$ cat protein_4.txt   # compact mmCIF, C-alpha atoms
# COMPACT_ATOMS: atom_id res chain seq x y z
CA MET A 369 -23.69 -9.97 17.59
CA LYS A 370 -23.06 -6.64 15.84
CA ARG A 371 -24.33 -8.04 12.54
CA ALA A 372 -27.44 -9.39 14.26
CA LEU A 373 -28.16 -6.02 15.84
CA LEU A 374 -27.77 -4.28 12.50
CA LEU A 375 -30.18 -6.71 10.85
CA LEU A 376 -32.71 -6.44 13.67
CA ALA A 377 -32.61 -2.67 13.49
CA ALA A 378 -33.23 -2.88 9.76
CA CYS A 379 -36.12 -5.39 9.99
CA PRO A 380 -38.98 -2.83 10.12
CA THR A 381 -37.56 -1.22 6.99
CA LEU A 382 -36.84 -4.50 5.23
CA ALA A 383 -40.39 -5.70 5.80
CA HIS A 384 -41.56 -3.07 3.31
CA ALA A 385 -38.40 -3.04 1.24
CA ASN A 386 -38.07 -2.97 -2.52
CA PHE A 387 -35.75 -5.87 -3.42
CA ASP A 388 -35.89 -5.29 -7.19
CA ARG A 389 -32.91 -2.90 -7.26
CA PHE A 390 -30.93 -5.29 -5.04
CA ILE A 391 -31.01 -7.83 -7.90
CA ASP A 392 -31.25 -5.58 -10.97
CA ASP A 393 -28.29 -3.37 -9.99
CA SER A 394 -26.06 -6.28 -8.94
CA LYS A 395 -22.74 -6.72 -10.75
CA ILE A 396 -20.40 -9.70 -11.04
CA THR A 397 -16.82 -9.24 -12.25
CA THR A 398 -14.51 -12.17 -12.95
CA THR A 399 -10.74 -11.69 -13.22
CA PHE A 400 -8.13 -14.20 -14.35
CA ARG A 401 -4.57 -13.33 -13.53
CA MET A 402 -1.05 -14.72 -13.74
CA ASP A 403 1.83 -13.32 -11.69
CA TYR A 404 5.48 -14.09 -12.35
CA ILE A 405 8.21 -12.68 -10.09
CA ASP A 406 11.93 -13.39 -10.38
CA LEU A 407 13.42 -11.48 -7.43
CA HIS A 408 16.92 -11.90 -5.99
CA SER A 409 18.91 -9.95 -3.39
CA ASP A 410 22.05 -10.48 -1.32
CA GLY A 411 21.27 -7.58 1.00
CA PHE A 412 20.30 -9.39 4.22
CA GLY A 413 22.18 -11.73 6.53
CA THR A 414 24.82 -11.81 9.26
CA GLU A 415 28.59 -11.93 9.33
CA ALA A 416 28.40 -15.57 10.44
CA SER A 417 25.98 -16.70 7.73
CA GLY A 418 27.31 -14.40 5.08
CA PHE A 419 24.93 -12.63 2.74
CA PRO A 420 23.75 -15.34 0.36
CA ASP A 421 21.74 -14.66 -2.76
CA TYR A 422 18.13 -14.92 -1.61
CA ASP A 423 15.63 -16.12 -4.20
CA MET A 424 12.17 -14.67 -3.54
CA GLY A 425 10.71 -15.71 -6.87
CA THR A 426 7.15 -16.94 -7.29
CA TRP A 427 4.82 -17.89 -10.11
CA ALA A 428 1.07 -18.32 -9.72
CA GLN A 429 -2.26 -18.27 -11.50
CA SER A 430 -5.41 -17.00 -9.86
CA ALA A 431 -9.07 -16.22 -10.37
CA LYS A 432 -11.29 -13.76 -8.53
CA VAL A 433 -15.06 -13.29 -8.63
CA SER A 434 -16.39 -10.01 -7.23
CA TYR A 435 -20.08 -9.59 -6.45
CA GLN A 436 -21.55 -6.15 -5.76
CA SER A 437 -25.22 -6.10 -4.92
CA GLY A 438 -27.65 -3.33 -5.61
CA TYR A 439 -29.35 -1.65 -2.67
CA ILE A 440 -32.53 -2.76 -0.92
CA SER A 441 -34.81 0.30 -0.89
CA GLU A 442 -31.73 2.23 -2.09
CA HIS A 443 -30.07 1.82 1.32
CA PHE A 444 -28.83 -1.70 2.18
CA GLY A 445 -26.58 -4.11 0.29
CA ILE A 446 -23.74 -6.62 0.46
CA ASP A 447 -20.46 -7.15 -1.41
CA VAL A 448 -18.46 -10.39 -1.57
CA ASP A 449 -15.17 -11.34 -3.29
CA ALA A 450 -14.00 -14.95 -3.74
CA TYR A 451 -10.42 -15.73 -4.72
CA ALA A 452 -8.48 -18.88 -5.64
CA VAL A 453 -4.74 -19.18 -6.34
CA ASP A 454 -2.55 -22.06 -7.47
CA PRO A 455 1.26 -22.05 -7.70
CA ILE A 456 2.94 -22.81 -11.04
CA GLY A 457 6.29 -24.53 -11.34
CA ASN A 458 9.19 -24.11 -8.93
CA GLN A 459 9.07 -21.43 -6.25
CA GLY A 460 12.02 -19.56 -4.78
CA GLU A 461 13.24 -20.19 -1.25
CA GLY A 462 11.64 -16.96 -0.10
CA PHE A 463 8.46 -17.16 -2.21
CA ALA A 464 6.28 -16.48 0.84
CA THR A 465 7.73 -12.95 1.21
CA ARG A 466 5.77 -11.92 -1.92
CA GLU A 467 2.49 -12.96 -0.22
CA ILE A 468 0.93 -14.31 -3.42
CA VAL A 469 1.31 -18.06 -2.85
CA ARG A 470 0.54 -19.44 0.60
CA ALA A 471 3.09 -21.51 2.58
CA ASN A 472 1.77 -24.52 4.52
CA ASN A 473 3.04 -25.61 7.95
CA ASP A 474 6.08 -27.25 6.32
CA GLY A 475 6.90 -24.10 4.37
CA ASP A 476 5.85 -25.59 1.03
CA PRO A 477 3.81 -23.61 -1.54
CA VAL A 478 0.14 -24.53 -1.73
CA GLY A 479 -2.93 -23.22 -3.47
CA PHE A 480 -5.78 -21.79 -1.42
CA VAL A 481 -9.22 -20.23 -1.55
CA LYS A 482 -10.32 -17.22 0.50
CA LEU A 483 -12.87 -14.44 0.70
CA PRO A 484 -10.81 -11.21 0.60
CA GLN A 485 -13.98 -9.16 1.10
CA TYR A 486 -17.41 -9.75 2.57
CA TYR A 487 -19.25 -6.85 4.14
CA LEU A 488 -22.61 -5.22 4.67
CA LYS A 489 -23.05 -1.78 3.16
CA GLN A 490 -25.48 1.06 3.68
CA LYS A 491 -25.80 4.40 1.92
CA PHE A 492 -27.82 7.54 2.47
CA SER A 493 -27.58 11.29 1.90
CA ILE A 494 -27.58 14.38 4.10
CA GLY A 495 -27.85 17.57 2.09
CA ASP A 496 -25.29 17.39 -0.74
CA ALA A 497 -23.21 14.71 1.05
CA SER A 498 -23.38 11.00 0.28
CA ILE A 499 -22.57 8.75 3.22
CA GLU A 500 -21.62 5.08 2.96
CA LEU A 501 -21.18 2.69 5.90
CA PHE A 502 -19.45 -0.70 5.76
CA GLN A 503 -19.09 -3.54 8.29
CA GLY A 504 -17.11 -6.73 7.77
CA ARG A 505 -13.89 -7.79 6.03
CA ARG A 506 -13.03 -5.04 3.53
CA VAL A 507 -10.12 -3.72 1.50
CA LEU A 508 -9.14 -0.31 2.91
CA PHE A 509 -6.86 1.24 0.31
CA GLU A 510 -4.95 4.30 1.59
CA TYR A 511 -7.11 4.92 4.65
CA GLY A 512 -4.82 7.38 6.40
CA GLY A 513 -1.77 5.55 7.71
CA THR A 514 -3.15 2.12 6.77
CA SER A 515 -3.44 0.46 3.39
CA VAL A 516 -3.34 -3.01 1.82
CA GLU A 517 -1.07 -5.43 -0.01
CA ASN A 518 -2.03 -4.90 -3.65
CA ASN A 519 -1.47 -8.46 -4.84
CA ALA A 520 -3.71 -10.79 -6.83
CA ALA A 521 -5.74 -11.15 -3.63
CA MET A 522 -5.57 -7.91 -1.73
CA SER A 523 -5.20 -7.91 2.03
CA SER A 524 -8.14 -6.62 4.03
CA TYR A 525 -9.39 -5.55 7.46
CA ASN A 526 -12.18 -6.67 9.74
CA SER A 527 -13.53 -3.21 10.37
CA LEU A 528 -16.28 -0.64 10.64
CA SER A 529 -15.63 2.02 8.00
CA SER A 530 -17.29 4.96 6.32
CA GLU A 531 -16.82 7.18 3.28
CA ILE A 532 -18.37 10.64 3.10
CA LYS A 533 -18.32 12.67 -0.13
CA ASN A 534 -19.59 15.88 -1.63
CA ASP A 535 -18.28 18.19 -4.35
CA ASN A 536 -15.29 19.27 -2.26
CA TRP A 537 -14.79 16.77 0.55
CA PHE A 538 -13.82 13.11 0.65
CA VAL A 539 -13.55 11.71 4.18
CA LYS A 540 -12.56 8.13 5.07
CA LEU A 541 -13.04 6.80 8.61
CA ALA A 542 -12.32 3.35 10.02
CA TYR A 543 -12.27 1.38 13.26
CA ILE A 544 -10.10 -1.70 12.68
CA LYS A 545 -10.06 -4.82 14.83
CA GLU A 546 -8.31 -7.50 12.73
CA TYR A 547 -6.24 -7.95 9.58
CA SER A 548 -6.19 -10.63 6.89
CA ASP A 549 -2.98 -10.71 4.86
CA SER A 550 -3.24 -11.37 1.14
CA ASP A 551 -1.94 -14.93 1.51
CA GLU A 552 -3.81 -15.71 4.75
CA ILE A 553 -7.31 -17.19 4.93
CA ASP A 554 -8.36 -16.12 8.43
CA ASN A 555 -8.38 -12.82 10.28
CA ALA A 556 -5.51 -12.18 12.69
CA LYS A 557 -5.33 -10.02 15.80
CA LEU A 558 -3.31 -6.83 15.49
CA THR A 559 0.09 -7.18 17.19
CA THR A 560 3.21 -5.24 18.09
CA ALA A 561 6.61 -6.21 16.72
CA GLU A 562 7.06 -8.41 19.80
CA GLY A 563 3.70 -10.16 19.47
CA ASP A 564 1.62 -8.28 22.05
CA THR A 565 -2.00 -7.64 21.10
CA ILE A 566 -3.18 -4.24 19.87
CA ASP A 567 -6.93 -3.91 20.48
CA TYR A 568 -7.73 -1.57 17.58
CA ILE A 569 -6.57 0.95 15.00
CA LEU A 570 -8.50 4.18 14.45
CA THR A 571 -8.00 6.27 11.32
CA ALA A 572 -9.53 9.45 9.92
CA ASP A 573 -8.49 10.74 6.49
CA PHE A 574 -9.75 14.17 5.33
CA ASN A 575 -9.36 15.29 1.70
CA TYR A 576 -10.55 18.67 0.46
CA THR A 577 -10.40 19.94 -3.13
CA LYS A 578 -11.33 23.40 -4.35
CA ASP A 579 -10.46 24.92 -7.69
CA ASN A 580 -6.84 23.91 -8.34
CA ASN A 581 -5.93 23.27 -4.71
CA GLU A 582 -5.90 19.96 -2.84
CA TYR A 583 -5.51 19.50 0.92
CA ARG A 584 -5.14 16.32 2.94
CA TYR A 585 -4.79 15.59 6.63
CA TYR A 586 -4.96 12.22 8.31
CA ILE A 587 -4.48 10.88 11.79
CA THR A 588 -4.10 7.16 12.50
CA GLU A 589 -3.64 5.63 15.94
CA SER A 590 -2.91 2.05 16.97
CA GLU A 591 -4.01 1.58 20.58
CA GLY A 592 -1.10 2.06 23.00
CA TYR A 593 1.46 1.58 20.20
CA MET A 594 1.82 4.41 17.70
CA ILE A 595 0.21 7.54 16.25
CA LYS A 596 0.78 8.99 12.79
CA HIS A 597 -0.15 12.34 11.22
CA GLN A 598 0.16 13.58 7.65
CA VAL A 599 -0.39 16.98 6.07
CA ARG A 600 -0.35 17.24 2.27
CA LEU A 601 -0.80 20.34 0.12
CA ALA A 602 -1.02 20.26 -3.68
CA ARG A 603 -1.70 22.79 -6.39
CA LYS A 604 -2.50 22.20 -10.04
CA PHE A 605 -1.30 24.60 -12.74
CA GLU A 606 -2.87 25.20 -16.11
CA PRO A 607 -0.66 24.89 -19.21
CA ASN A 608 1.19 27.94 -20.44
CA SER A 609 3.79 28.76 -23.08
CA TYR A 610 6.53 27.26 -20.87
CA LEU A 611 5.01 24.23 -19.14
CA PRO A 612 2.33 21.59 -19.76
CA PRO A 613 -0.39 20.96 -17.15
CA SER A 614 1.40 20.30 -13.90
CA LYS A 615 1.01 19.70 -10.19
CA ILE A 616 3.24 20.55 -7.20
CA THR A 617 2.81 18.58 -3.97
CA ALA A 618 4.37 18.99 -0.51
CA THR A 619 3.93 16.47 2.31
CA ALA A 620 4.99 16.13 5.95
CA THR A 621 4.37 12.84 7.78
CA TYR A 622 5.09 12.40 11.50
CA GLU A 623 4.84 9.32 13.70
CA LYS A 624 5.40 8.86 17.42
CA GLY A 625 5.70 5.74 19.51
CA TYR A 626 3.50 5.16 22.56
CA SER A 627 4.49 3.23 25.68
CA ASN A 628 3.95 -0.25 24.17
CA TYR A 629 6.26 0.74 21.33
CA LYS A 630 8.97 2.37 23.44
CA ASN A 631 9.06 -0.56 25.88
CA MET A 632 10.15 -2.96 23.15
CA THR A 633 13.81 -3.91 22.72
CA ALA A 634 15.90 -1.80 20.35
CA ASN A 635 15.94 -4.56 17.73
CA SER A 636 12.14 -4.44 17.55
CA ARG A 637 11.93 -0.66 17.04
CA TYR A 638 12.55 1.28 13.83
CA PHE A 639 13.10 4.50 15.81
CA ASP A 640 13.38 5.46 19.48
CA ASP A 641 10.80 8.22 19.99
CA TYR A 642 9.52 9.66 16.71
CA ALA A 643 10.16 9.68 12.96
CA ALA A 644 9.26 12.11 10.20
CA ILE A 645 9.44 12.41 6.42
CA TYR A 646 9.33 15.68 4.47
CA GLU A 647 8.63 15.50 0.73
CA ILE A 648 8.12 17.67 -2.33
CA GLY A 649 7.24 16.55 -5.83
CA ALA A 650 6.38 17.91 -9.27
CA GLU A 651 4.25 16.14 -11.89
CA PHE A 652 3.93 17.12 -15.55
CA PHE A 653 1.10 15.83 -17.75
CA ILE A 654 2.60 16.08 -21.21
CA ASP A 655 1.01 14.97 -24.48
CA LYS A 656 0.44 11.21 -24.22
CA GLY A 657 2.92 11.09 -21.38
CA TYR A 658 3.69 11.74 -17.73
CA MET A 659 6.82 12.92 -15.88
CA LYS A 660 7.51 13.18 -12.17
CA PHE A 661 10.34 14.47 -9.97
CA ALA A 662 10.35 14.06 -6.18
CA TYR A 663 12.61 14.51 -3.15
CA ASN A 664 12.28 13.46 0.47
CA TYR A 665 14.25 13.75 3.69
CA SER A 666 13.67 11.39 6.62
CA ASP A 667 14.44 11.85 10.30
CA SER A 668 14.28 8.79 12.56
CA ASP A 669 16.85 8.83 15.37
CA LYS A 670 17.85 5.56 17.01
CA LYS A 671 20.71 5.19 19.47
CA GLU A 672 21.30 1.50 18.85
CA GLY A 673 21.61 0.86 15.13
CA LEU A 674 20.19 2.68 12.12
CA GLY A 675 16.79 4.31 12.50
CA LYS A 676 14.11 4.13 9.81
CA PHE A 677 10.65 5.54 9.22
CA SER A 678 8.05 2.86 9.99
CA LEU A 679 5.31 2.21 7.45
CA ASN A 680 3.09 -0.02 9.52
CA MET A 681 0.77 0.91 12.37
CA ALA A 682 1.02 -2.67 13.69
CA ASN A 683 3.51 -5.41 13.00
CA ASN A 684 1.16 -7.52 10.89
CA VAL A 685 -0.66 -4.89 8.80
CA GLN A 686 0.23 -2.90 5.70
CA GLY A 687 0.93 0.79 6.11
CA SER A 688 0.31 3.58 3.62
CA GLN A 689 2.77 3.62 0.71
CA ASP A 690 1.77 6.93 -0.87
CA SER A 691 5.21 8.50 -0.53
CA LEU A 692 6.05 10.88 -3.37
CA THR A 693 9.31 9.00 -3.96
CA SER A 694 7.76 5.53 -4.13
CA GLY A 695 8.88 3.43 -7.07
CA ASN A 696 8.37 -0.30 -7.40
CA ALA A 697 8.73 -0.45 -3.62
CA TRP A 698 8.51 1.98 -0.74
CA ASP A 699 11.93 2.42 0.83
CA TYR A 700 14.79 4.90 1.16
CA ALA A 701 13.60 6.24 4.50
CA ASN A 702 16.61 5.65 6.77
CA ASN A 703 17.68 8.20 9.35
CA LYS A 704 18.89 11.46 7.79
CA GLU A 705 18.52 10.02 4.29
CA HIS A 706 18.06 12.23 1.25
CA ALA A 707 16.14 10.44 -1.51
CA PHE A 708 15.31 11.41 -5.08
CA MET A 709 13.17 9.91 -7.82
CA ILE A 710 12.40 10.61 -11.47
CA ALA A 711 9.83 8.83 -13.60
CA TYR A 712 8.75 9.15 -17.22
CA PHE A 713 5.95 7.24 -18.98
CA LYS A 714 4.81 7.58 -22.58
CA ASP A 715 1.94 6.10 -24.58
CA VAL A 716 3.27 4.49 -27.74
CA GLY A 717 0.42 4.19 -30.19
CA GLU A 718 -2.94 3.12 -28.81
CA ASP A 719 -1.86 -0.16 -27.26
CA PHE A 720 1.41 0.35 -25.40
CA THR A 721 2.80 2.40 -22.54
CA LEU A 722 6.54 2.44 -21.86
CA GLY A 723 8.32 4.02 -18.92
CA VAL A 724 11.33 4.28 -16.68
CA ASP A 725 11.67 5.27 -13.05
CA ALA A 726 14.88 5.75 -11.13
CA ARG A 727 15.44 6.36 -7.42
CA GLY A 728 18.49 7.06 -5.32
CA GLY A 729 19.33 7.93 -1.74
CA PHE A 730 22.29 8.70 0.49
CA PHE A 731 22.94 9.17 4.21
CA LYS A 732 25.82 9.02 6.70
CA TYR A 733 26.31 6.15 9.13
CA GLN A 734 29.30 5.93 11.49
CA GLY A 735 31.19 8.45 9.37
CA ASP A 736 30.66 6.64 6.05
CA THR A 737 28.32 7.87 3.30
CA ILE A 738 25.99 5.06 2.28
CA THR A 739 24.37 5.25 -1.16
CA GLU A 740 21.62 3.18 -2.73
CA GLY A 741 19.60 3.29 -5.91
CA GLU A 742 17.43 1.43 -8.41
CA VAL A 743 16.34 1.72 -12.03
CA SER A 744 13.17 0.12 -13.43
CA LEU A 745 12.00 -0.24 -17.01
CA VAL A 746 8.24 -0.69 -17.37
CA SER A 747 6.09 -1.80 -20.30
CA LEU A 748 2.32 -2.19 -20.41
CA TRP A 749 0.25 -3.64 -23.24
CA HIS A 750 -3.41 -2.62 -23.10
CA PRO A 751 -4.90 -3.44 -26.52
CA LYS A 752 -7.64 -1.06 -27.54
CA LYS A 753 -9.60 -3.88 -29.17
CA MET A 754 -9.48 -5.91 -25.92
CA PRO A 755 -9.93 -3.29 -23.19
CA ASN A 756 -10.30 -5.89 -20.42
CA LEU A 757 -6.83 -7.35 -21.06
CA SER A 758 -3.53 -5.97 -19.74
CA VAL A 759 0.00 -7.37 -19.78
CA SER A 760 2.77 -5.66 -17.81
CA PHE A 761 6.48 -6.37 -17.56
CA VAL A 762 9.04 -4.71 -15.28
CA VAL A 763 12.83 -5.11 -15.27
CA ALA A 764 14.60 -3.61 -12.24
CA ARG A 765 18.16 -3.50 -10.92
CA ASP A 766 19.15 -2.11 -7.54
CA GLN A 767 22.18 -1.51 -5.35
CA SER A 768 21.96 -0.91 -1.63
CA PHE A 769 23.88 -1.86 1.52
CA LYS A 770 24.25 -5.18 3.29
CA ARG A 771 22.45 -5.19 6.64
CA ASP A 772 21.18 -7.49 9.34
CA TYR A 773 17.50 -8.23 9.84
CA PHE A 774 17.19 -5.21 12.18
CA ASN A 775 18.36 -2.73 9.48
CA THR A 776 21.86 -2.28 10.96
CA PRO A 777 24.46 -1.83 8.16
CA TYR A 778 27.25 -4.39 7.91
CA MET A 779 30.48 -2.37 8.20
CA VAL A 780 34.04 -3.56 7.51
CA ASP A 781 36.92 -1.24 8.45
CA GLY A 782 34.45 1.63 8.77
CA LYS A 783 32.99 1.12 5.28
CA PHE A 784 29.63 -0.24 4.23
CA ARG A 785 29.37 -3.23 1.93
CA ARG A 786 27.39 -3.04 -1.30
CA SER A 787 24.42 -5.33 -1.99
CA ASN A 788 22.91 -6.08 -5.39
CA GLY A 789 19.52 -7.24 -6.52
CA HIS A 790 17.31 -7.63 -9.55
CA ALA A 791 13.67 -8.20 -10.34
CA TYR A 792 11.76 -9.37 -13.41
CA VAL A 793 8.02 -9.04 -12.84
CA SER A 794 5.16 -9.78 -15.20
CA THR A 795 1.40 -9.71 -14.68
CA ILE A 796 -1.25 -10.81 -17.16
CA LYS A 797 -4.82 -9.85 -16.23
CA TYR A 798 -8.14 -10.30 -17.97
CA SER A 799 -11.50 -9.21 -16.52
CA PHE A 800 -15.06 -9.56 -17.73
$ encode --input "protein_4.txt" --output "structure tokens"
Amino acid sequence: MKRALLLLAACPTLAHANFDRFIDDSKITTTFRMDYIDLHSDGFGTEASGFPDYDMGTWAQSAKVSYQSGYISEHFGIDVDAYAVDPIGNQGEGFATREIVRANNDGDPVGFVKLPQYYLKQKFSIGDASIELFQGRRVLFEYGGTSVENNAAMSSYNSLSSEIKNDNWFVKLAYIKEYSDSDEIDNAKLTTAEGDTIDYILTADFNYTKDNNEYRYYITESEGYMIKHQVRLARKFEPNSYLPPSKITATATYEKGYSNYKNMTANSRYFDDYAAIYEIGAEFFIDKGYMKFAYNYSDSDKKEGLGKFSLNMANNVQGSQDSLTSGNAWDYANNKEHAFMIAYFKDVGEDFTLGVDARGGFFKYQGDTITEGEVSLVSLWHPKKMPNLSVSFVVARDQSFKRDYFNTPYMVDGKFRRSNGHAYVSTIKYSF
């Protein structure tokens, strides 16, 4: 009905529309991709089942065609993405956790076809501001407290959204009704951790840049379930005799549970009342390279078990993962945890980038100090003579603590038990 109303409202304009730009400015991009993941961990289980090595490996090939139309009379258009994936070879027991290959009703890996994006778009200007409106299934990357799974097929939202820009401001707004995970074909209702329906998510993300200063504030609310705020301040520094170009960023993120969240059982909650993360980071843009240091402290009290900052604004959506200490995954946000990260990347010649990132964290639980950490080696081949081709490879090792599926550490004689994991990840991508 909403689409019909939009089209009817546009009919008087479309009757006299100029369709030439709709066709002439259209773009089609085709991407072929192969993803290989060898991921193992013995970090989850129970005392009864033990903590077996869990194989989450997957291997798949995929193709995506993205169509972006021009604008009818410079105002109305449509974008559509089509995606197909097919598994390759054997898949690990937990392949579905990577959300690249789809599992059928029997839990077996199967190929599938979906439309990750299909939406109407409209653009216009007011003064020096450009305003874009979107309605349909769309990828909403870092829209306040919501984001997407960045896999071969990205997850997306059935939503009404808008982006407003001028020289200083960039504002993102969205009203979200449903979510489509990267390995799911249909839209799904938003739900709590116990399966109750959430009618909508509202998010507003304000970004302001002036001179060398950057400011961000967002507020995201899932109806009756949770609200999240973030304030971020950043300042860029010009190079001097001591330092290269650099940037210092400070962030505070706060979330609070509403009644539908607090009424859930303790096992379904990450925290009891509220959670917060405080972060500071420094980035250095050196010659043909990049270095970053970051620290965060999380506060997420929970009387029964170990509290943790919650990423997601609903149980079946993807939350923002723009933490300053993010590495290959977003984690290290347990109650009273101190976390650190360091990363260094360097261009080697014109075709290669090599890097390393390391993260560690520690916190106290029942009198014991629990530590965890990971190290990742990253390589990227991006041949100058074939700019549409990229090949990446990541090797990662991590140590953490054994826990149950509700994040409660497994303790023996007052001491935590160490878990180990590794990952080998490669992606080959070619677009034209």
$ atom_distance --input "protein_4.txt" --atom1 "CA of Lys604 (chain A)" --atom2 "CA of Tyr583 (chain A)"
11.7 Å
$ residues_around --input "protein_4.txt" --residues "Thr398 (chain A)" --least-positions-apart "4" --cutoff "12 Å" --atoms "all atoms listed in the file" --output "count of residues only"
16
$ closest_residue --input "protein_4.txt" --among "A:Ala416, A:Val599, A:Asp410, A:Asp392" --to "Gly438 (chain A)" --atoms "all atoms listed in the file"
A:Asp392
$ axis_aligned_box --input "protein_4.txt" --around "region 622-636 of chain A" --padding-each-side "6 Å" --output "lines of an AutoDock Vina configuration file"
center_x = 9.7
center_y = 3.9
center_z = 18.7
size_x = 24.4
size_y = 29.0
size_z = 26.4
$ atom_distance --input "protein_4.txt" --atom1 "CA of Ser394 (chain A)" --atom2 "CA of Phe502 (chain A)"
17.1 Å
$ residues_around --input "protein_4.txt" --residues "Gly475 (chain A)" --least-positions-apart "4" --cutoff "10 Å" --atoms "all atoms listed in the file" --output "list in words"
Glu461, Gly462, Phe463, Ala464, Arg470 and Ala471 of chain A
$ write_last_selection --input "protein_4.txt" --atoms "C-alpha atoms" --output "CSV table (one decimal), keeping the file's coordinate frame"
chain,number,residue,atom,x,y,z
A,461,GLU,CA,13.2,-20.2,-1.2
A,462,GLY,CA,11.6,-17.0,-0.1
A,463,PHE,CA,8.5,-17.2,-2.2
A,464,ALA,CA,6.3,-16.5,0.8
A,470,ARG,CA,0.5,-19.4,0.6
A,471,ALA,CA,3.1,-21.5,2.6
$ residues_around --input "protein_4.txt" --residues "Arg603 (chain A)" --least-positions-apart "5" --cutoff "9 Å" --atoms "all atoms listed in the file" --output "PyMOL selection string"
chain A and resi 580-583+614-617
$ closest_residue --input "protein_4.txt" --among "A:Val762, A:Val448, A:Val453, A:Leu674" --to "Leu483 (chain A)" --atoms "only C-alpha atoms"
A:Val448
$ atom_distance --input "protein_4.txt" --atom1 "CA of Tyr622 (chain A)" --atom2 "CA of Gly512 (chain A)"
12.2 Å
$ closest_residue --input "protein_4.txt" --among "A:Thr565, A:Thr560, A:Thr588, A:Ser760" --to "Leu541 (chain A)" --atoms "only C-alpha atoms"
A:Thr588
$ closest_atom_pairs --input "protein_4.txt" --of "region 544-587 of chain A" --to "region 513-526 of chain A" --cutoff "7 Å" --atoms "all atoms listed in the file" --output "tab-separated table"
residue	atom	partner	partner_atom	distance
A:Ile544	CA	A:Asn526	CA	6.1
A:Lys545	CA	A:Asn526	CA	5.8
A:Glu546	CA	A:Asn526	CA	5.0
A:Tyr547	CA	A:Tyr525	CA	4.5
A:Ser548	CA	A:Ser524	CA	5.3
A:Asp549	CA	A:Ser523	CA	4.6
A:Ser550	CA	A:Ser523	CA	4.1
$ closest_residue --input "protein_4.txt" --among "A:Gly460, A:Pro755, A:Gly445, A:Pro777" --to "Leu501 (chain A)" --atoms "all atoms listed in the file"
A:Gly445
$ closest_residue --input "protein_4.txt" --among "A:Glu531, A:Ala428, A:Ile553, A:Asp667" --to "Lys482 (chain A)" --atoms "only C-alpha atoms"
A:Ile553
$ decode --input "protein_4.txt" --residues "region 658-667 of chain A" --atoms "N, CA, C and O atoms" --output "PDB file, in the first residue's frame"
ATOM      1  N   TYR A 658      49.780   2.777   8.143  1.00  0.00           N
ATOM      2  CA  TYR A 658      48.742   3.194   9.086  1.00  0.00           C
ATOM      3  C   TYR A 658      48.981   2.468  10.408  1.00  0.00           C
ATOM      4  O   TYR A 658      49.281   1.270  10.429  1.00  0.00           O
ATOM      5  N   MET A 659      48.861   3.196  11.526  1.00  0.00           N
ATOM      6  CA  MET A 659      49.020   2.608  12.848  1.00  0.00           C
ATOM      7  C   MET A 659      47.905   3.103  13.757  1.00  0.00           C
ATOM      8  O   MET A 659      47.474   4.262  13.660  1.00  0.00           O
ATOM      9  N   LYS A 660      47.436   2.213  14.626  1.00  0.00           N
ATOM     10  CA  LYS A 660      46.346   2.568  15.520  1.00  0.00           C
ATOM     11  C   LYS A 660      46.555   1.945  16.888  1.00  0.00           C
ATOM     12  O   LYS A 660      46.971   0.788  17.006  1.00  0.00           O
ATOM     13  N   PHE A 661      46.263   2.724  17.935  1.00  0.00           N
ATOM     14  CA  PHE A 661      46.221   2.252  19.316  1.00  0.00           C
ATOM     15  C   PHE A 661      44.843   2.596  19.876  1.00  0.00           C
ATOM     16  O   PHE A 661      44.307   3.672  19.590  1.00  0.00           O
ATOM     17  N   ALA A 662      44.268   1.713  20.680  1.00  0.00           N
ATOM     18  CA  ALA A 662      42.960   2.004  21.264  1.00  0.00           C
ATOM     19  C   ALA A 662      42.797   1.269  22.585  1.00  0.00           C
ATOM     20  O   ALA A 662      43.414   0.225  22.822  1.00  0.00           O
ATOM     21  N   TYR A 663      41.943   1.857  23.437  1.00  0.00           N
ATOM     22  CA  TYR A 663      41.630   1.282  24.751  1.00  0.00           C
ATOM     23  C   TYR A 663      40.147   1.471  25.014  1.00  0.00           C
ATOM     24  O   TYR A 663      39.567   2.499  24.639  1.00  0.00           O
ATOM     25  N   ASN A 664      39.519   0.459  25.644  1.00  0.00           N
ATOM     26  CA  ASN A 664      38.144   0.665  26.092  1.00  0.00           C
ATOM     27  C   ASN A 664      37.895  -0.009  27.439  1.00  0.00           C
ATOM     28  O   ASN A 664      38.591  -0.961  27.827  1.00  0.00           O
ATOM     29  N   TYR A 665      36.909   0.530  28.146  1.00  0.00           N
ATOM     30  CA  TYR A 665      36.466  -0.030  29.415  1.00  0.00           C
ATOM     31  C   TYR A 665      34.958  -0.196  29.338  1.00  0.00           C
ATOM     32  O   TYR A 665      34.243   0.727  28.924  1.00  0.00           O
ATOM     33  N   SER A 666      34.467  -1.377  29.711  1.00  0.00           N
ATOM     34  CA  SER A 666      33.034  -1.654  29.636  1.00  0.00           C
ATOM     35  C   SER A 666      32.446  -1.872  31.020  1.00  0.00           C
ATOM     36  O   SER A 666      33.105  -2.393  31.927  1.00  0.00           O
ATOM     37  N   ASP A 667      31.210  -1.474  31.163  1.00  0.00           N
ATOM     38  CA  ASP A 667      30.481  -1.566  32.433  1.00  0.00           C
ATOM     39  C   ASP A 667      29.104  -2.143  32.132  1.00  0.00           C
ATOM     40  O   ASP A 667      28.311  -1.518  31.441  1.00  0.00           O
TER      41      ASP A 667
END
